[in-house]
Amino acid sequence: MFRRAISFLRKRKVEQELDDELRASIELLAQEHLRRGLSPEEAVRLARIELGGIEQVKEQVRGVRGLPRIDSLMRDFRHALRNLVRAPGFSMAVVATLGVALGANASLLALLDRLILRPLAVKEPASLVIVNAPPLPARRTQGVRGIRSTFRIDPSSNRPGVSYPLYAALRSRTPVFSDALAEMDASVTLDSGGPPISVRGQLVTGNYFELLGVKAALGRSLIPADDGESAGSPVVLSHGLWQRQFGGDAGILSRTIRLNRHPVTVVGVTAEGFTGAAAGAAPDFYAPLHMGSVLLNPELREKFRVDDPNAHLYKVMARLVRGVDLAQAEIAANQVYQQILAEALASAGRPVERDPFFRRFGERLQLSPGGYASSNESALSHDLRTPLLLLMAMVGLVLVVAAGNVANLFLARGEARSREIAIRFALGASRWRVLRPLLVESLLLTFTAGGLGLVLARWTTWLAPVLLNVERLPDGVTPAPDLRIAVAVLALSMALGIGIWAASALRAVAGVTLTGIAAQVQSGLRRTFYWRRALVVTQAALSVVLLCGSAVLSRSLIRLMSVDPGFSVDQRYSFWLDPARSGFDPVRSSKILSQVFDALHTIPGVQGISIATQLPLSGRSDPGTFISTDGCTVREGESIGIRIAHASAGHFANLGMAVIAGREFSRDDMNGAKVAVINEAFARKCFGTNDPIGRLLPLEGDRAESRVIGVVKDIKPSPRAPAPLRSYTPYRFRDPGEGETGFAIRVGKGVRVTGEMVRQAVRRVEPSLAIDEFAPMAEQAARALSRDRMVAWVSASFAILAALLCAIGIFGLTSFSVARRTQEIGVRITLGATRASIQWMVMREVLLLSAVGCSIGIVAFFYGGRVLSTMLFDMTPIDPASLATGALILSGTALLAGLVPAYRAALVDPVRTLRQE
Amino acid sequence: MPNAKTELPRGTLDLLILKVLALEALHGVGISRRIHQITNGAFQVSFGSLFPSLHRMEESGWVVAEWRASENNRRAKYYKLTASGRKRAAMEERDWNRIVEVMTAALRHPRTSGEG
């Protein structure tokens, strides 16, 4: 047995040797004939005859060797091919439905794989860990009441970044880390001669590339020596950016490019395929940490110092020393962290207890696996994970429904051939011998469908960015199937083929024995008929699950769309401008901004313009600060996190935001007076039911001296997210480095403003400025829901596809059942049954099938539907209206599918059927 | 009847091959010729049964094959008897002799010789 297996593994070699051996034998035989004086041709001819046909001998040996009997396999294959070609409609329908379903599976699988499943393109990804270390308490300085810390909270894990001193201490003191890196994102403007573009990069420690084991495709990568300020401004470009922006030109190494107008030296390009330490983030460039002072956004740049202990900015990854597993490493690293924490607490002086704010991040260091696409979530993978998994599950179900139809068709054909099969058994054919051609046929279909699916997935690659509503998918993220996915899809096709075969062929021959062929055929028929009904019921149940799911999602979308955004989007446009990014100093920047403000008024139709550092729907996170809560109803000494934005006079009216109490900023507020407008959420949290107007808050500097003059309605960053506690202070053009500035333009009814009009106005002020994200606000509001809309649409399409497939299944089964009962129907009609009662008889069965299917489906959805919870807005998956919709749609489709056979049944001519008897 | 062609009885081919290979390693054609020789041309072994037999024996480990130059300097696959092949040969020979003994005795028995 073992030898047979080995021989099977080495079949190519054996096959080759066998061929050689037979050739050699023919030569030997021919030699003998030659010696007897025959001509060479004659000698070879005789030798061949003597050997008795190379192919026959080979086939005999193959049988001995456990080699596939090529001959009989080929026969099955040809037989299958002939069968399929003989029924081109059947074959094409099967290949097309399965192909579409497999194609959708392939695309989603590819996306999921790139975003979540596959290991990063780095050295030994398994030994990489992400280090989550809660911030150390800040050192309090004498006389200052509040502590201003800068945080970057990772949106997916909701954990703060690590400060440089903590990173350095962990790196040098943790024995289980062979090394650790720190990194941080930065968005900058790239100026390489052409029009400036926005790019995203990573600020990294010098050991980044060495630790990850990533080589440079060109030039060099960053090295530890780049860490010091004295190293100048070395930058490594990603392979993707190098290809896109510089056409893969090797001369890039000698060119100077500008990031935020700051000249930098391109020292290298990363290896192809490396897209950073988080899937889907795909940084465009890598620069040493110290370049944060030019590359970070202005608000951070201002106070940026690499080693500021109160700047909790970095994401830390470490490589574990060989042989240490995650759990051991976490214990060891946490011990080190506890020591560092104790030291920090000791040197912090009074109060020894940690600030409650810090406490909420916990006091334990945690490690999580870092080497896989899913471990280090980028914003994109965080956003897409649930929708993609959901859609994956849905296409999986569609695939099963489609496969159910194919199995049913196979069963129907198997019945037609059951007499033949029974006879072949009777003649002594082995079960396997009878079943094998059916398996070959089934596999032939599913593999063709798998191939078609891969081609479809390849062709529809362009669809993904459209559906996901991104301009361009990040480098390394694509729905185009690669070898990995191709193998997976072909494996899936094989499983499908075997499944379909098992559900149809095995069933058709089960229990067919040598005795009583005729009777067996009859009972076999009946049995497969039950089995076919079960298949159709399964299809109906799965379709109901899909229909209910998509109904719930659609209803949730409708709810999301009706959420009051808190301001009006119509007749409003917005864009962003950042002169500092183009290298202007604060004084010049302020001047430019106020000139732009004036210039925009010259655009015809503009009714109002306002400026703010945060606009609704922008999707930009704005600086957060923690203020001590003196004067609030919150417990004394506790701090609360708030967001501060600056807004110009009349901003709230310009955006149509309701002022609930007090008043909004006037022109006079813009000069000097420390006033603030806060939102409802802030007012409620801080002042409860008390009147906030006139209260003082520590918004500028540490002293509570900003007077609250008004309360405005909350604006949610997106319909799902709760509104943050927010305060607005006056936007003064003098504020340097406040970051990007948002412009909100209100226009008259029916007026259209184009990006070009705005660009021209801006260019008149300063030609080198680039405007960002100009768009009508209504469009931005729609975009905020694009992912929900996509999921709702795509799931509805899949659900309808499944329902149609199910309808085809019901149609097929009912037609078959009518055909089988033709005689019975004829007799009934003869005995006086009305056409209507015959139709009812048929429809009753359809009703029964769909009712059973619906019930099972709804029960299944009841249990399985909760996976939808996170996708839904303000509702639970078990939504009666949605369940009813799903069941109704399916029953309706099923009844429609049953109408034709029912109609046909009523037209049965009793005389003819009886004559047939 | 030395020249009459006789069908090889089932099971005897293996024994003949093993016997032939016990003397020296041979290639397929050589084995066929040798069997022809030692049976005085009585048995004509078809290659369609010879090669499957050889490969089966190789699978069972009774023979091993190696490629070497033939008598006229062609590359050919030579089969050589292994230790377990020798044991097998001895066993099959014993079995065969026993069958022949029993069969001969049976056929000579008065009740079958038509004399009784």
# chains A, B, ... in the order shown; residues from 1 in each chain; ligands from 1
>>> select_by_dssp(residues="chain B", states="strand (DSSP E)", output="MDAnalysis selection string")
chainID B and resid 26:27 63:69 75:81
>>> residues_around(residues="Ala83 of chain B", least_positions_apart="6", cutoff="10 Å", atoms="only C-alpha atoms", output="count of residues only")
4
>>> select_by_dssp(residues="chain B", states="helix (DSSP H, G or I)", output="ChimeraX atom specification")
/B:12-23,28-38,47-60,83-108
>>> interface_residues(of="chain A", to="chain B", cutoff="8 Å", atoms="only C-alpha atoms", output="list of chain:residue names")
A:Arg3, A:Arg4, A:Glu21, A:Ala24, A:Ser25, A:Leu28, A:Leu29, A:Glu50, A:Leu51, A:Gly52, A:Gln56, A:Val57, A:Gln60, A:Val61, A:Arg62, A:Val64, A:Arg65
>>> residues_around(residues="Leu890 of chain A", least_positions_apart="2", cutoff="9 Å", atoms="only C-alpha atoms", output="short mmCIF file (atom, residue, chain, number, x, y, z; two decimals) with N, CA and C atoms, in the first residue's frame")
data_model
loop_
_atom_site.label_atom_id
_atom_site.label_comp_id
_atom_site.auth_asym_id
_atom_site.auth_seq_id
_atom_site.Cartn_x
_atom_site.Cartn_y
_atom_site.Cartn_z
N ALA A 540 -34.53 27.13 -0.42
CA ALA A 540 -35.50 28.15 -0.02
C ALA A 540 -35.09 28.73 1.33
N SER A 543 -32.17 31.03 0.91
CA SER A 543 -32.58 32.27 0.25
C SER A 543 -33.32 33.18 1.22
N VAL A 544 -34.13 32.58 2.07
CA VAL A 544 -34.86 33.39 3.05
C VAL A 544 -33.87 34.08 3.99
N LEU A 547 -32.48 36.91 2.07
CA LEU A 547 -33.46 37.97 1.85
C LEU A 547 -33.73 38.75 3.14
N ALA A 803 -32.77 34.03 -4.56
CA ALA A 803 -34.20 33.75 -4.69
C ALA A 803 -34.52 33.25 -6.09
N LEU A 804 -33.88 33.86 -7.11
CA LEU A 804 -34.11 33.42 -8.48
C LEU A 804 -33.63 31.99 -8.68
N CYS A 806 -33.38 29.77 -6.47
CA CYS A 806 -34.30 28.92 -5.74
C CYS A 806 -35.58 28.71 -6.55
N ALA A 807 -36.04 29.80 -7.20
CA ALA A 807 -37.24 29.70 -8.03
C ALA A 807 -37.01 28.70 -9.15
N SER A 850 -42.33 26.00 0.10
CA SER A 850 -41.82 27.32 0.46
C SER A 850 -42.12 27.63 1.92
N CYS A 854 -39.30 28.62 4.36
CA CYS A 854 -39.36 29.90 5.06
C CYS A 854 -39.19 29.70 6.56
N THR A 885 -40.77 40.51 5.22
CA THR A 885 -40.43 40.85 3.84
C THR A 885 -39.68 39.71 3.17
N GLY A 886 -38.68 39.19 3.89
CA GLY A 886 -37.89 38.09 3.33
C GLY A 886 -38.77 36.91 2.98
N ALA A 887 -39.62 36.52 3.93
CA ALA A 887 -40.47 35.35 3.71
C ALA A 887 -41.45 35.61 2.56
N LEU A 888 -42.00 36.82 2.51
CA LEU A 888 -42.98 37.14 1.46
C LEU A 888 -42.34 37.10 0.08
N GLY A 892 -43.50 34.55 -2.72
CA GLY A 892 -43.99 35.11 -3.98
C GLY A 892 -43.25 34.53 -5.16
N THR A 893 -41.91 34.53 -5.06
CA THR A 893 -41.10 34.00 -6.15
C THR A 893 -41.43 32.53 -6.37
N ALA A 894 -41.56 31.79 -5.27
CA ALA A 894 -41.83 30.36 -5.37
C ALA A 894 -43.16 30.12 -6.06
N LEU A 895 -44.18 30.89 -5.68
CA LEU A 895 -45.50 30.70 -6.28
C LEU A 895 -45.45 31.00 -7.77
#
>>> residues_around(residues="Leu18 of chain B", least_positions_apart="4", cutoff="9 Å", atoms="only C-alpha atoms", output="number ranges by chain")
B: 13-14, 22, 62-63, 81, 85-86, 88-89
>>> residues_around(residues="segment 448-455 of chain A", least_positions_apart="4", cutoff="7 Å", atoms="only C-alpha atoms", output="MDAnalysis selection string")
chainID A and resid 95:96 98:100 102:103 106 444 459 481 486 489:490 493
>>> atom_distance(atom1="atom CA of Val321 of chain A", atom2="atom CA of Leu211 of chain A")
11.8 Å
>>> residues_around(residues="segment 293-297 of chain A", least_positions_apart="5", cutoff="7 Å", atoms="only C-alpha atoms", output="ChimeraX atom specification")
/A:186-188,260,304,739
>>> write_last_selection(atoms="N, CA and C atoms", output="tab-separated table (two decimals), in the first residue's frame")
chain	number	residue	atom	x	y	z
A	186	ALA	N	2.11	60.08	8.90
A	186	ALA	CA	2.13	61.51	8.61
A	186	ALA	C	1.60	61.72	7.20
A	187	SER	N	0.72	62.69	7.04
A	187	SER	CA	0.22	63.03	5.71
A	187	SER	C	0.88	64.32	5.27
A	188	VAL	N	1.45	64.31	4.09
A	188	VAL	CA	2.17	65.50	3.66
A	188	VAL	C	1.85	65.80	2.20
A	260	ASN	N	6.09	68.82	2.04
A	260	ASN	CA	5.70	70.05	2.74
A	260	ASN	C	6.69	71.18	2.43
A	304	PHE	N	6.35	69.48	18.36
A	304	PHE	CA	6.89	68.13	18.24
A	304	PHE	C	8.33	68.02	18.70
A	739	GLY	N	-3.10	74.20	11.72
A	739	GLY	CA	-3.42	73.05	10.90
A	739	GLY	C	-4.20	73.50	9.69
>>> atom_distance(atom1="atom CA of Ala182 of chain A", atom2="atom CA of Ser347 of chain A")
24.8 Å
>>> closest_residue(among="A:Phe774, A:Phe873, A:Phe816, A:Tyr286", to="Arg720 of chain A", atoms="only C-alpha atoms")
A:Phe873
>>> residues_around(residues="Leu805 of chain A", least_positions_apart="4", cutoff="9 Å", atoms="only C-alpha atoms", output="list in words")
Thr97, Val398, Val401, Ala402, Gly404, Asn405, Gln539, Ser543, Ile800, Leu801, Gly809 and Ile810 of chain A
>>> write_last_selection(atoms="N, CA and C atoms", output="PDB file, in the first residue's frame")
ATOM      1  N   THR A  97     -23.947  30.033 -13.684  1.00  0.00           N
ATOM      2  CA  THR A  97     -24.361  30.357 -12.304  1.00  0.00           C
ATOM      3  C   THR A  97     -23.227  30.083 -11.319  1.00  0.00           C
ATOM      4  N   VAL A 398     -24.946  32.000  -1.490  1.00  0.00           N
ATOM      5  CA  VAL A 398     -25.427  31.996  -2.879  1.00  0.00           C
ATOM      6  C   VAL A 398     -24.826  30.805  -3.622  1.00  0.00           C
ATOM      7  N   VAL A 401     -26.681  27.736  -2.745  1.00  0.00           N
ATOM      8  CA  VAL A 401     -27.984  27.681  -3.416  1.00  0.00           C
ATOM      9  C   VAL A 401     -27.806  27.283  -4.877  1.00  0.00           C
ATOM     10  N   ALA A 402     -26.797  27.894  -5.523  1.00  0.00           N
ATOM     11  CA  ALA A 402     -26.534  27.569  -6.928  1.00  0.00           C
ATOM     12  C   ALA A 402     -26.161  26.103  -7.058  1.00  0.00           C
ATOM     13  N   GLY A 404     -27.054  23.755  -5.172  1.00  0.00           N
ATOM     14  CA  GLY A 404     -28.259  22.972  -4.939  1.00  0.00           C
ATOM     15  C   GLY A 404     -29.022  22.745  -6.246  1.00  0.00           C
ATOM     16  N   ASN A 405     -29.088  23.798  -7.065  1.00  0.00           N
ATOM     17  CA  ASN A 405     -29.760  23.659  -8.358  1.00  0.00           C
ATOM     18  C   ASN A 405     -29.068  22.649  -9.244  1.00  0.00           C
ATOM     19  N   GLN A 539     -32.571  25.152  -0.271  1.00  0.00           N
ATOM     20  CA  GLN A 539     -32.347  26.352  -1.074  1.00  0.00           C
ATOM     21  C   GLN A 539     -33.264  27.476  -0.619  1.00  0.00           C
ATOM     22  N   SER A 543     -32.174  31.027   0.912  1.00  0.00           N
ATOM     23  CA  SER A 543     -32.581  32.267   0.248  1.00  0.00           C
ATOM     24  C   SER A 543     -33.317  33.177   1.222  1.00  0.00           C
ATOM     25  N   ILE A 800     -31.440  38.473  -4.123  1.00  0.00           N
ATOM     26  CA  ILE A 800     -32.369  38.289  -5.237  1.00  0.00           C
ATOM     27  C   ILE A 800     -31.864  37.188  -6.168  1.00  0.00           C
ATOM     28  N   LEU A 801     -30.550  37.179  -6.357  1.00  0.00           N
ATOM     29  CA  LEU A 801     -29.960  36.106  -7.164  1.00  0.00           C
ATOM     30  C   LEU A 801     -30.294  34.752  -6.545  1.00  0.00           C
ATOM     31  N   GLY A 809     -35.056  26.189  -9.054  1.00  0.00           N
ATOM     32  CA  GLY A 809     -35.093  24.870  -8.439  1.00  0.00           C
ATOM     33  C   GLY A 809     -36.520  24.398  -8.232  1.00  0.00           C
ATOM     34  N   ILE A 810     -37.366  25.290  -7.750  1.00  0.00           N
ATOM     35  CA  ILE A 810     -38.762  24.928  -7.492  1.00  0.00           C
ATOM     36  C   ILE A 810     -39.485  24.615  -8.798  1.00  0.00           C
TER      37      ILE A 810
END
